[in-house]
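Engineer: Coordinates in protein32.tsv, TSV, C-alpha atoms, are listed below.
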```tsv
chain	number	residue	atom	x	y	z
A	26	VAL	CA	91.64	86.17	72.79
A	27	ASP	CA	89.77	82.94	73.52
A	28	GLU	CA	86.02	82.80	73.91
A	29	PRO	CA	85.58	82.10	77.68
A	30	GLU	CA	88.02	84.88	78.51
A	31	ARG	CA	86.06	87.39	76.47
A	32	ARG	CA	82.71	86.33	77.93
A	33	LEU	CA	83.87	86.16	81.55
A	34	LYS	CA	85.59	89.52	81.31
A	35	ALA	CA	82.47	91.11	79.81
A	36	LEU	CA	80.37	89.66	82.66
A	37	MET	CA	82.86	90.89	85.24
A	38	LEU	CA	82.80	94.41	83.83
A	39	ALA	CA	78.99	94.40	83.77
A	40	ALA	CA	78.91	93.10	87.35
A	41	ARG	CA	81.28	95.85	88.38
A	42	ALA	CA	78.95	98.38	86.82
A	43	GLY	CA	76.24	97.09	89.17
A	44	ASP	CA	74.43	94.52	87.00
A	45	ALA	CA	73.34	91.86	89.53
A	46	ALA	CA	72.03	89.48	86.84
A	47	ALA	CA	75.40	89.55	85.06
A	48	TYR	CA	77.11	89.02	88.40
A	49	ARG	CA	74.97	85.96	89.15
A	50	MET	CA	75.70	84.56	85.68
A	51	LEU	CA	79.41	85.20	86.16
A	52	LEU	CA	79.48	83.46	89.54
A	53	ARG	CA	77.61	80.44	88.15
A	54	GLU	CA	80.05	80.09	85.27
A	55	LEU	CA	82.99	80.52	87.63
A	56	ALA	CA	81.55	77.88	89.97
A	57	ALA	CA	81.50	75.37	87.11
A	58	HIS	CA	85.06	76.23	86.06
A	59	LEU	CA	86.31	76.07	89.63
A	60	ARG	CA	84.54	72.80	90.39
A	61	ALA	CA	86.32	71.17	87.45
A	62	TYR	CA	89.60	72.78	88.49
A	63	TYR	CA	89.48	71.57	92.11
A	64	ARG	CA	88.11	68.12	91.32
A	65	ARG	CA	90.92	67.58	88.85
A	66	ARG	CA	93.41	68.33	91.60
A	67	LEU	CA	91.78	66.84	94.70
A	68	GLY	CA	89.88	63.92	93.18
A	69	SER	CA	86.23	64.10	92.18
A	70	GLY	CA	85.00	62.63	95.49
A	71	SER	CA	86.72	65.23	97.66
A	72	ALA	CA	84.50	67.22	100.01
A	73	ASP	CA	87.18	69.90	100.07
A	74	ALA	CA	86.60	70.62	96.39
A	75	GLU	CA	83.13	72.13	96.86
A	76	ASP	CA	84.30	74.05	99.95
A	77	LEU	CA	87.09	75.51	97.87
A	78	VAL	CA	84.66	76.45	95.11
A	79	GLN	CA	82.64	78.41	97.66
A	80	GLU	CA	85.66	79.99	99.29
A	81	THR	CA	87.01	81.07	95.94
A	82	LEU	CA	83.66	82.59	94.94
A	83	ILE	CA	83.66	84.57	98.18
A	84	ALA	CA	87.23	85.70	97.50
A	85	VAL	CA	86.25	86.72	93.95
A	86	HIS	CA	83.69	88.99	95.61
A	87	THR	CA	85.68	90.38	98.54
A	88	LYS	CA	88.87	90.79	96.49
A	89	SER	CA	87.17	91.98	93.29
A	90	SER	CA	88.79	95.41	93.59
A	91	THR	CA	92.17	93.79	92.89
A	92	TYR	CA	91.11	92.87	89.36
A	93	ASP	CA	92.69	95.37	86.98
A	94	ASP	CA	90.31	95.64	84.03
A	95	THR	CA	93.08	96.55	81.62
A	96	GLN	CA	94.27	92.95	82.12
A	97	PRO	CA	92.69	89.63	81.10
A	98	PHE	CA	90.28	88.13	83.65
A	99	THR	CA	91.13	84.41	83.66
A	100	PRO	CA	94.72	84.75	84.95
A	101	TRP	CA	93.34	86.78	87.88
A	102	LEU	CA	90.78	84.08	88.62
A	103	HIS	CA	93.36	81.32	88.37
A	104	ALA	CA	95.73	83.14	90.69
A	105	ILE	CA	92.99	83.23	93.34
A	106	ALA	CA	91.97	79.61	92.72
A	107	ARG	CA	95.58	78.47	92.97
A	108	TYR	CA	96.17	80.45	96.16
A	109	LYS	CA	93.09	78.91	97.78
A	110	LEU	CA	94.20	75.42	96.72
A	111	ILE	CA	97.68	75.84	98.21
A	112	ASP	CA	96.16	77.33	101.35
A	113	GLN	CA	93.85	74.31	101.70
A	114	LEU	CA	96.67	71.81	101.23
A	115	ARG	CA	98.71	73.65	103.85
A	116	ARG	CA	95.77	73.64	106.26
A	117	ASN	CA	95.13	69.92	105.74
A	118	LYS	CA	98.66	69.27	106.94
A	119	GLN	CA	98.26	71.34	110.10
A	120	GLU	CA	94.71	70.43	111.06
A	121	LYS	CA	93.76	67.05	112.55
A	122	VAL	CA	95.08	68.30	115.90
A	123	SER	CA	92.91	71.32	116.71
A	124	LEU	CA	89.52	70.68	118.23
A	125	ASP	CA	86.89	73.16	117.17
A	126	ASP	CA	85.33	74.38	120.39
A	127	VAL	CA	82.25	75.53	118.52
A	128	HIS	CA	81.35	71.96	117.61
A	129	GLU	CA	81.99	70.92	121.16
A	130	LEU	CA	79.45	73.45	122.32
A	131	VAL	CA	76.81	72.49	119.77
A	132	SER	CA	76.83	68.91	120.94
A	133	ASP	CA	76.44	70.06	124.53
A	134	SER	CA	73.47	67.90	125.56
A	135	ASN	CA	71.93	70.44	127.89
A	136	PHE	CA	71.85	72.93	125.07
A	137	GLU	CA	70.33	70.63	122.46
A	138	ALA	CA	67.63	69.29	124.76
A	139	ALA	CA	66.70	72.76	125.83
A	140	LEU	CA	66.73	74.02	122.26
A	141	ALA	CA	64.04	71.57	121.23
A	142	GLY	CA	61.38	73.04	123.48
A	143	GLN	CA	62.34	76.67	123.34
A	144	ASP	CA	61.40	79.57	121.24
A	145	VAL	CA	64.88	80.07	119.79
A	146	GLU	CA	64.02	83.18	117.87
A	147	ARG	CA	62.86	84.90	121.04
A	148	LEU	CA	66.14	84.08	122.75
A	149	LEU	CA	68.17	85.02	119.69
A	150	ALA	CA	66.48	88.42	119.67
A	151	ARG	CA	68.12	89.14	123.01
A	152	LEU	CA	71.64	88.74	121.61
A	153	PRO	CA	73.52	91.72	120.18
A	154	GLN	CA	72.87	92.07	116.47
A	155	ARG	CA	76.31	91.09	115.24
A	156	ALA	CA	76.40	87.95	117.37
A	157	ARG	CA	72.90	87.07	116.22
A	158	LEU	CA	73.82	87.43	112.54
A	159	LEU	CA	76.96	85.32	112.92
A	160	LEU	CA	75.19	82.64	114.91
A	161	ARG	CA	72.41	82.49	112.37
A	162	SER	CA	74.65	82.30	109.32
A	163	VAL	CA	76.86	79.60	110.81
A	164	LYS	CA	74.44	77.52	112.91
A	165	VAL	CA	71.24	77.95	110.88
A	166	ASP	CA	72.34	78.69	107.31
A	167	GLY	CA	75.30	76.32	107.60
A	168	LEU	CA	78.08	78.66	106.46
A	169	SER	CA	81.58	77.62	107.54
A	170	THR	CA	83.26	79.90	110.09
A	171	ARG	CA	85.78	80.69	107.39
A	172	ASP	CA	83.10	81.87	104.98
A	173	ALA	CA	81.30	83.81	107.70
A	174	ALA	CA	84.62	85.48	108.51
A	175	ALA	CA	85.20	86.41	104.87
A	176	LEU	CA	81.73	87.85	104.45
A	177	SER	CA	81.68	89.79	107.72
A	178	GLY	CA	85.23	91.08	107.28
A	179	MET	CA	86.24	89.65	110.66
A	180	SER	CA	89.09	87.22	111.19
A	181	GLU	CA	88.16	83.57	111.43
A	182	SER	CA	89.23	83.36	115.06
A	183	ALA	CA	87.17	86.48	115.90
A	184	VAL	CA	84.14	84.80	114.35
A	185	LYS	CA	84.75	81.65	116.39
A	186	VAL	CA	85.10	83.65	119.56
A	187	ALA	CA	81.95	85.65	118.83
A	188	ILE	CA	79.96	82.48	118.16
A	189	HIS	CA	81.39	80.80	121.22
A	190	ARG	CA	80.30	83.75	123.37
A	191	ALA	CA	76.88	83.89	121.76
A	192	MET	CA	76.38	80.19	122.44
A	193	ARG	CA	77.40	80.67	126.05
A	194	ALA	CA	75.01	83.58	126.40
A	195	LEU	CA	72.22	81.43	124.93
A	196	SER	CA	73.02	78.56	127.30
A	197	ALA	CA	72.92	80.96	130.23
A	198	MET	CA	69.51	82.25	129.13
A	199	LEU	CA	68.22	78.71	128.79
A	200	ASN	CA	69.49	77.73	132.22
A	201	ARG	CA	67.88	80.76	133.77
A	202	GLU	CA	64.51	80.06	132.21
A	203	GLU	CA	64.54	76.33	132.85
A	204	PRO	CA	65.94	75.49	136.29
B	5	MET	CA	75.12	75.70	102.31
B	6	LYS	CA	74.62	74.95	98.63
B	7	THR	CA	76.88	76.76	96.21
B	8	ASP	CA	73.89	78.08	94.25
B	9	GLU	CA	72.46	79.67	97.39
B	10	LEU	CA	75.81	81.23	98.14
B	11	ILE	CA	75.86	82.67	94.62
B	12	ASP	CA	72.38	84.18	95.03
B	13	HIS	CA	73.55	85.61	98.33
B	14	ILE	CA	76.69	87.19	96.87
B	15	ALA	CA	75.25	88.41	93.57
B	16	VAL	CA	73.08	91.04	95.24
B	17	LEU	CA	75.89	92.42	97.41
B	18	PRO	CA	77.59	95.59	96.22
B	19	MET	CA	81.14	94.96	94.99
B	20	PRO	CA	83.90	96.63	97.00
B	21	ARG	CA	84.88	99.72	95.03
B	22	LEU	CA	88.12	101.10	96.43
B	23	SER	CA	90.97	100.37	93.99
B	24	PRO	CA	94.16	98.80	95.38
B	25	ARG	CA	96.04	102.02	94.61
B	26	ALA	CA	93.52	104.14	96.51
B	27	SER	CA	93.50	101.66	99.37
B	28	LEU	CA	97.31	101.72	99.71
B	29	VAL	CA	97.40	105.52	99.43
B	30	ARG	CA	94.78	105.80	102.15
B	31	GLY	CA	96.85	103.58	104.44
B	32	LEU	CA	99.91	105.71	103.72
B	33	LEU	CA	98.10	108.98	104.44
B	34	VAL	CA	96.97	107.72	107.83
B	35	GLY	CA	100.56	106.60	108.46
B	36	LEU	CA	101.89	110.00	107.34
B	37	MET	CA	99.70	111.85	109.81
B	38	ALA	CA	100.61	109.58	112.72
B	39	SER	CA	104.31	109.52	111.88
B	40	THR	CA	104.50	113.33	111.49
B	41	VAL	CA	102.77	113.91	114.81
B	42	ILE	CA	105.10	111.47	116.55
B	43	MET	CA	108.14	113.16	115.00
B	44	LEU	CA	106.96	116.68	115.96
B	45	ILE	CA	106.14	115.75	119.56
B	46	TRP	CA	108.83	113.21	120.35
B	47	LEU	CA	111.85	114.16	118.23
B	48	ARG	CA	110.99	117.77	117.17
B	49	LEU	CA	111.95	119.52	113.97
B	50	ARG	CA	115.64	120.29	113.70
B	51	PRO	CA	116.01	123.85	115.08
B	52	ASP	CA	118.01	125.01	112.07
B	53	LEU	CA	115.47	123.76	109.54
B	54	GLU	CA	115.16	127.06	107.68
B	55	SER	CA	118.86	127.47	107.04
B	56	ALA	CA	119.21	123.74	106.39
B	57	MET	CA	116.66	124.01	103.60
B	58	LEU	CA	119.14	126.21	101.75
B	59	THR	CA	121.74	123.41	101.69
B	60	ALA	CA	122.02	120.67	99.08
B	61	ALA	CA	122.59	118.03	101.76
B	62	PHE	CA	119.05	118.46	103.12
B	63	TRP	CA	117.54	117.94	99.69
B	64	VAL	CA	119.79	115.00	98.91
B	65	LYS	CA	118.38	113.19	101.95
B	66	LEU	CA	114.80	114.01	101.00
B	67	ALA	CA	115.37	113.07	97.37
B	68	TYR	CA	116.94	109.75	98.38
B	69	ALA	CA	113.99	108.75	100.56
B	70	ALA	CA	111.40	110.07	98.12
B	71	ALA	CA	113.01	108.27	95.16
B	72	VAL	CA	113.13	104.95	97.00
B	73	ALA	CA	109.47	105.36	98.04
B	74	ALA	CA	108.37	106.32	94.51
B	75	LEU	CA	110.16	103.32	93.00
B	76	VAL	CA	108.99	100.80	95.62
B	77	PHE	CA	105.34	101.87	95.41
B	78	PRO	CA	104.61	100.22	92.02
B	79	VAL	CA	106.22	97.00	93.26
B	80	THR	CA	104.02	97.04	96.36
B	81	LEU	CA	100.96	97.76	94.25
B	82	GLY	CA	101.79	94.84	91.93
B	83	LEU	CA	102.15	92.49	94.89
B	84	SER	CA	98.75	93.51	96.26
B	85	ARG	CA	97.04	91.73	93.36
B	86	PRO	CA	96.73	87.92	93.22
B	87	THR	CA	98.64	87.79	89.95
B	88	GLY	CA	101.49	88.99	92.16
B	89	ALA	CA	103.76	90.43	89.50
B	90	ALA	CA	106.44	92.70	90.93
B	91	ASN	CA	106.33	94.33	87.49
B	92	GLY	CA	109.93	93.21	86.94
B	93	ARG	CA	111.03	96.49	88.48
B	94	PHE	CA	111.93	95.32	91.95
B	95	TRP	CA	115.61	96.22	91.44
B	96	LEU	CA	114.87	99.85	90.49
B	97	PRO	CA	114.92	101.15	94.11
B	98	GLY	CA	118.60	100.13	94.10
B	99	LEU	CA	119.32	103.01	91.69
B	100	PRO	CA	118.95	105.89	94.17
B	101	PHE	CA	121.06	103.89	96.60
B	102	ALA	CA	123.76	103.43	93.97
B	103	LEU	CA	123.77	107.19	93.25
B	104	LEU	CA	123.97	108.05	96.94
B	105	ALA	CA	126.69	105.45	97.51
B	106	GLY	CA	128.65	107.03	94.63
B	107	LEU	CA	128.32	110.45	96.24
B	108	ALA	CA	129.38	108.99	99.59
B	109	VAL	CA	132.52	107.45	98.06
B	110	LEU	CA	133.41	110.83	96.47
B	111	GLN	CA	133.01	112.61	99.82
B	112	LEU	CA	135.07	110.00	101.64
B	113	GLY	CA	137.75	110.10	98.96
B	114	SER	CA	138.23	113.85	99.27
B	115	ALA	CA	138.25	113.83	103.08
B	116	SER	CA	141.20	113.43	105.41
B	117	PRO	CA	141.37	110.12	107.32
B	118	ALA	CA	140.35	111.87	110.52
B	119	GLU	CA	137.24	113.37	108.90
B	120	ARG	CA	136.20	110.07	107.35
B	121	VAL	CA	135.07	108.53	110.61
B	122	ASN	CA	133.03	111.64	111.28
B	123	LEU	CA	131.39	111.48	107.85
B	124	LEU	CA	130.30	107.92	108.56
B	125	ILE	CA	129.38	108.07	112.23
B	126	GLY	CA	128.29	111.70	112.71
B	127	HIS	CA	126.88	112.23	116.17
B	128	SER	CA	123.66	110.22	115.94
B	129	ALA	CA	124.62	106.91	114.33
B	130	GLN	CA	123.55	104.93	117.40
B	131	VAL	CA	119.95	106.15	117.23
B	132	CYS	CA	119.37	107.08	113.58
B	133	SER	CA	118.23	103.68	112.27
B	134	LEU	CA	116.17	103.09	115.39
B	135	TYR	CA	114.32	106.41	115.03
B	136	ILE	CA	113.71	105.74	111.35
B	137	ALA	CA	112.24	102.36	112.21
B	138	ALA	CA	110.00	103.92	114.88
B	139	LEU	CA	108.71	106.63	112.52
B	140	SER	CA	108.08	103.97	109.85
B	141	VAL	CA	105.83	101.82	112.04
B	142	PRO	CA	102.68	103.92	111.39
B	143	PHE	CA	103.24	103.65	107.63
B	144	LEU	CA	103.77	99.91	107.86
B	145	ALA	CA	100.66	99.50	110.01
B	146	GLY	CA	98.59	101.53	107.53
B	147	LEU	CA	99.89	99.47	104.60
B	148	LEU	CA	99.27	96.14	106.31
B	149	VAL	CA	95.70	97.13	107.16
B	150	SER	CA	95.15	98.09	103.52
B	151	PHE	CA	96.74	94.83	102.40
B	152	ARG	CA	94.26	92.83	104.47
B	153	GLY	CA	91.55	93.96	102.07
B	154	LEU	CA	93.67	93.22	99.00
B	155	ALA	CA	94.87	89.91	97.60
B	156	PRO	CA	98.61	89.33	98.01
B	157	THR	CA	99.52	85.76	97.05
B	158	ARG	CA	103.18	86.19	97.98
B	159	PRO	CA	102.89	87.33	101.61
B	160	ILE	CA	106.61	87.58	102.37
B	161	ALA	CA	107.44	89.55	99.22
B	162	ALA	CA	104.40	91.76	99.74
B	163	GLY	CA	105.36	92.40	103.37
B	164	LEU	CA	108.97	93.07	102.40
B	165	SER	CA	108.05	95.66	99.80
B	166	ALA	CA	105.50	97.26	102.15
B	167	GLY	CA	108.27	97.40	104.76
B	168	PHE	CA	110.69	99.12	102.40
B	169	LEU	CA	108.02	101.57	101.31
B	170	ALA	CA	107.18	102.33	104.95
B	171	GLY	CA	110.89	102.60	105.74
B	172	ALA	CA	111.48	105.10	102.93
B	173	LEU	CA	108.55	107.25	104.06
B	174	GLY	CA	109.58	107.04	107.70
B	175	THR	CA	113.01	108.24	106.54
B	176	LEU	CA	111.39	111.14	104.73
B	177	VAL	CA	109.71	112.24	107.96
B	178	TYR	CA	112.89	111.66	109.96
B	179	ALA	CA	114.87	113.91	107.60
B	180	PHE	CA	113.01	116.91	109.09
B	181	HIS	CA	114.47	116.09	112.50
B	182	CYS	CA	117.92	114.72	111.67
B	183	ASP	CA	120.67	117.33	111.34
B	184	GLU	CA	123.30	115.04	109.84
B	185	SER	CA	124.31	116.07	106.35
B	186	ALA	CA	127.16	113.79	105.20
B	187	ALA	CA	126.29	111.48	102.29
B	188	PRO	CA	128.21	108.50	103.80
B	189	PHE	CA	126.16	108.78	106.99
B	190	VAL	CA	122.89	108.87	105.06
B	191	ALA	CA	123.92	106.03	102.76
B	192	VAL	CA	124.72	103.75	105.69
B	193	TRP	CA	122.31	104.59	108.52
B	194	TYR	CA	119.25	105.72	106.59
B	195	THR	CA	119.52	102.66	104.38
B	196	LEU	CA	119.97	100.41	107.40
B	197	GLY	CA	116.81	101.90	108.94
B	198	MET	CA	114.83	101.18	105.76
B	199	ALA	CA	116.22	97.64	105.61
B	200	VAL	CA	115.21	96.96	109.21
B	201	VAL	CA	111.64	98.03	108.44
B	202	GLY	CA	111.75	95.97	105.24
B	203	ALA	CA	112.67	92.86	107.25
B	204	MET	CA	109.96	93.67	109.78
B	205	GLY	CA	107.46	93.89	106.93
B	206	GLY	CA	108.55	90.54	105.54
B	207	LEU	CA	108.08	88.82	108.90
B	208	LEU	CA	104.73	90.50	109.56
B	209	GLY	CA	103.61	89.77	106.01
B	210	ARG	CA	104.20	86.07	106.49
B	211	ALA	CA	102.16	86.10	109.68
B	212	LEU	CA	99.35	88.49	108.74
B	213	LEU	CA	98.77	88.50	105.00
B	214	ARG	CA	96.71	85.33	104.75
B	215	TRP	CA	93.23	85.43	103.29
```
Could you render the structure from this file as structure tokens?
Structural biologist:
Amino acid sequence: VDEPERRLKALMLAARAGDAAAYRMLLRELAAHLRAYYRRRLGSGSADAEDLVQETLIAVHTKSSTYDDTQPFTPWLHAIARYKLIDQLRRNKQEKVSLDDVHELVSDSNFEAALAGQDVERLLARLPQRARLLLRSVKVDGLSTRDAAALSGMSESAVKVAIHRAMRALSAMLNREEP
Amino acid sequence: MKTDELIDHIAVLPMPRLSPRASLVRGLLVGLMASTVIMLIWLRLRPDLESAMLTAAFWVKLAYAAAVAALVFPVTLGLSRPTGAANGRFWLPGLPFALLAGLAVLQLGSASPAERVNLLIGHSAQVCSLYIAALSVPFLAGLLVSFRGLAPTRPIAAGLSAGFLAGALGTLVYAFHCDESAAPFVAVWYTLGMAVVGAMGGLLGRALLRW
């Protein structure tokens, strides 16, 4: 058995047993491996490469139960990395056409102008908790809707809809307070 | 968001614990409850169940469905992992079918030409496969929900095997209603029902099993 395989598998088993430090170390090592993997295939300047690194790390977490610890770890990781790569290439082909309504809403001038002078946190506090969390992770922390979907266990379109509604609710609040 | 921040975020989350096997079994148990209730209310148990349980034909039907389910399950489990191996055993569920088909040929061979049609068509051929498909839907739904939390990288194959597994279990439930007993009937119409659900699973898998 080669050296990285043995080390990564040991870290994975420790992480599974609840060792957060081992888990962090594992994810950092995986990020480096994955970055090299995706850059080799998409070109080192590709913005998609880092997105894919993040998506794959999230999948490693959410799909970790599918790793069978009687088997080597690296083939499992590569299967996920490869799946995410193919998925991305497929999406690149389809995209270009669809306009993301979330972005449309963000650039809504009335909203941005109002946002500047408002106590956003106070308004946010009036949203339902789930909507607030999603809005915060996507609009403030800068997660992609895809990542937010993966972490919240909702579908990507459900996340978009929830954010869309939350933004509308916020706009309505702003309009009410500022005639 | 920076990748390092994402890592710090993830590293403190608890890892999902439920094994793929447990997850699939849970989906199947929910399906079993729903399917059984639907069968009892909608189709009813066959009235002669007690005497039927003393015949070999009843057990042949159950054994056929149970054997297919038992042999498809490991394939489905394999396809729920990203490494996607069907364990090289995907042809094994063909064995119970081959045995049943052999039995059917023997029965047809020893029957008079007039009886043969009856052995094949029985009195419920028009609805048998349809009922099997209907009773399989809860199993398929349970499996697909479980699959959403797993990592199939071959969505069509995964859906197909989930469909066959659901079909075999739907057949198992249906066998408590159906009062047909001829092997040729079972070999044709039960198998057709399973195949329909298999195809349904393949189509749904392609549409739903993305992650």
Engineer: May I ask for the distance between CA of Thr40 (chain B) and CA of Ala71 (chain B), given in Å to one decimal place?
Structural biologist: 19.1 Å
Engineer: Can you pull out the residues contacting Leu81 (chain B)? Cut-off 12 Å, using all atoms listed in the file, and skip same-chain residues under 5 positions away; I want them as a count of residues only.
Structural biologist: 32
Engineer: For CA of Pro142 (chain B) and CA of Ala187 (chain A), determine how far apart the two atoms are, in Å to one decimal place.
Structural biologist: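 Those two atoms sit 28.6 Å apart.
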Engineer: Restrict the calculation to only C-alpha atoms, then for each residue of chain B with any atom at most 9 Å from an atom of chain A give the closest atom pair and their distance in Å to one decimal, rows by chain and rising residue number, as CSV.
Structural biologist:
```
residue,atom,partner,partner_atom,distance
B:Met5,CA,A:Gly167,CA,5.3
B:Lys6,CA,A:Gln79,CA,8.8
B:Thr7,CA,A:Gln79,CA,6.2
B:Asp8,CA,A:Arg53,CA,7.5
B:Leu10,CA,A:Gln79,CA,7.4
B:Ile11,CA,A:Leu52,CA,6.3
B:Asp12,CA,A:Arg49,CA,6.7
B:Ile14,CA,A:His86,CA,7.3
B:Ala15,CA,A:Arg49,CA,5.1
B:Val16,CA,A:Ala45,CA,5.8
B:Leu17,CA,A:Ala45,CA,8.3
B:Pro18,CA,A:Gly43,CA,7.3
B:Met19,CA,A:His86,CA,6.5
B:Pro20,CA,A:Ser90,CA,6.1
B:Arg21,CA,A:Ser90,CA,6.0
B:Leu22,CA,A:Ser90,CA,6.4
B:Ser23,CA,A:Ser90,CA,5.4
B:Pro24,CA,A:Thr91,CA,5.9
B:Ser84,CA,A:Thr91,CA,7.4
B:Arg85,CA,A:Thr91,CA,5.3
B:Pro86,CA,A:Ala104,CA,5.5
B:Thr87,CA,A:Ala104,CA,5.5
B:Gly88,CA,A:Ala104,CA,8.3
B:Gly153,CA,A:Lys88,CA,7.0
B:Leu154,CA,A:Lys88,CA,5.9
B:Ala155,CA,A:Lys88,CA,6.2
B:Thr157,CA,A:Tyr108,CA,6.3
B:Arg214,CA,A:Asp112,CA,8.7
B:Trp215,CA,A:Ala175,CA,8.2
```
Engineer: Region 43-47 of chain B: which residues within 8 Å, counting all atoms listed in the file, same-chain residues fewer than 6 positions away excluded, as a PDB file with C-alpha atoms, keeping the file's coordinate frame?
Structural biologist:
```pdb
ATOM      1  CA  LEU B 139     108.710 106.630 112.520  1.00  0.00           C
ATOM      2  CA  VAL B 177     109.710 112.240 107.960  1.00  0.00           C
ATOM      3  CA  TYR B 178     112.890 111.660 109.960  1.00  0.00           C
ATOM      4  CA  HIS B 181     114.470 116.090 112.500  1.00  0.00           C
TER       5      HIS B 181
END
```
Engineer: How far is it from CA of Leu99 (chain B) to CA of Met198 (chain B), in Å with one decimal?
Structural biologist: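 Between CA of Leu99 (chain B) and CA of Met198 (chain B) the gap works out to 14.9 Å.
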Engineer: Select, counting all atoms listed in the file, all protein, DNA and RNA residues no farther than 12 Å from (119.8, 97.4, 107.5) in file coordinates, and express the selection as number ranges by chain.
Structural biologist: B: 132-134, 136-137, 167-168, 171, 191-204
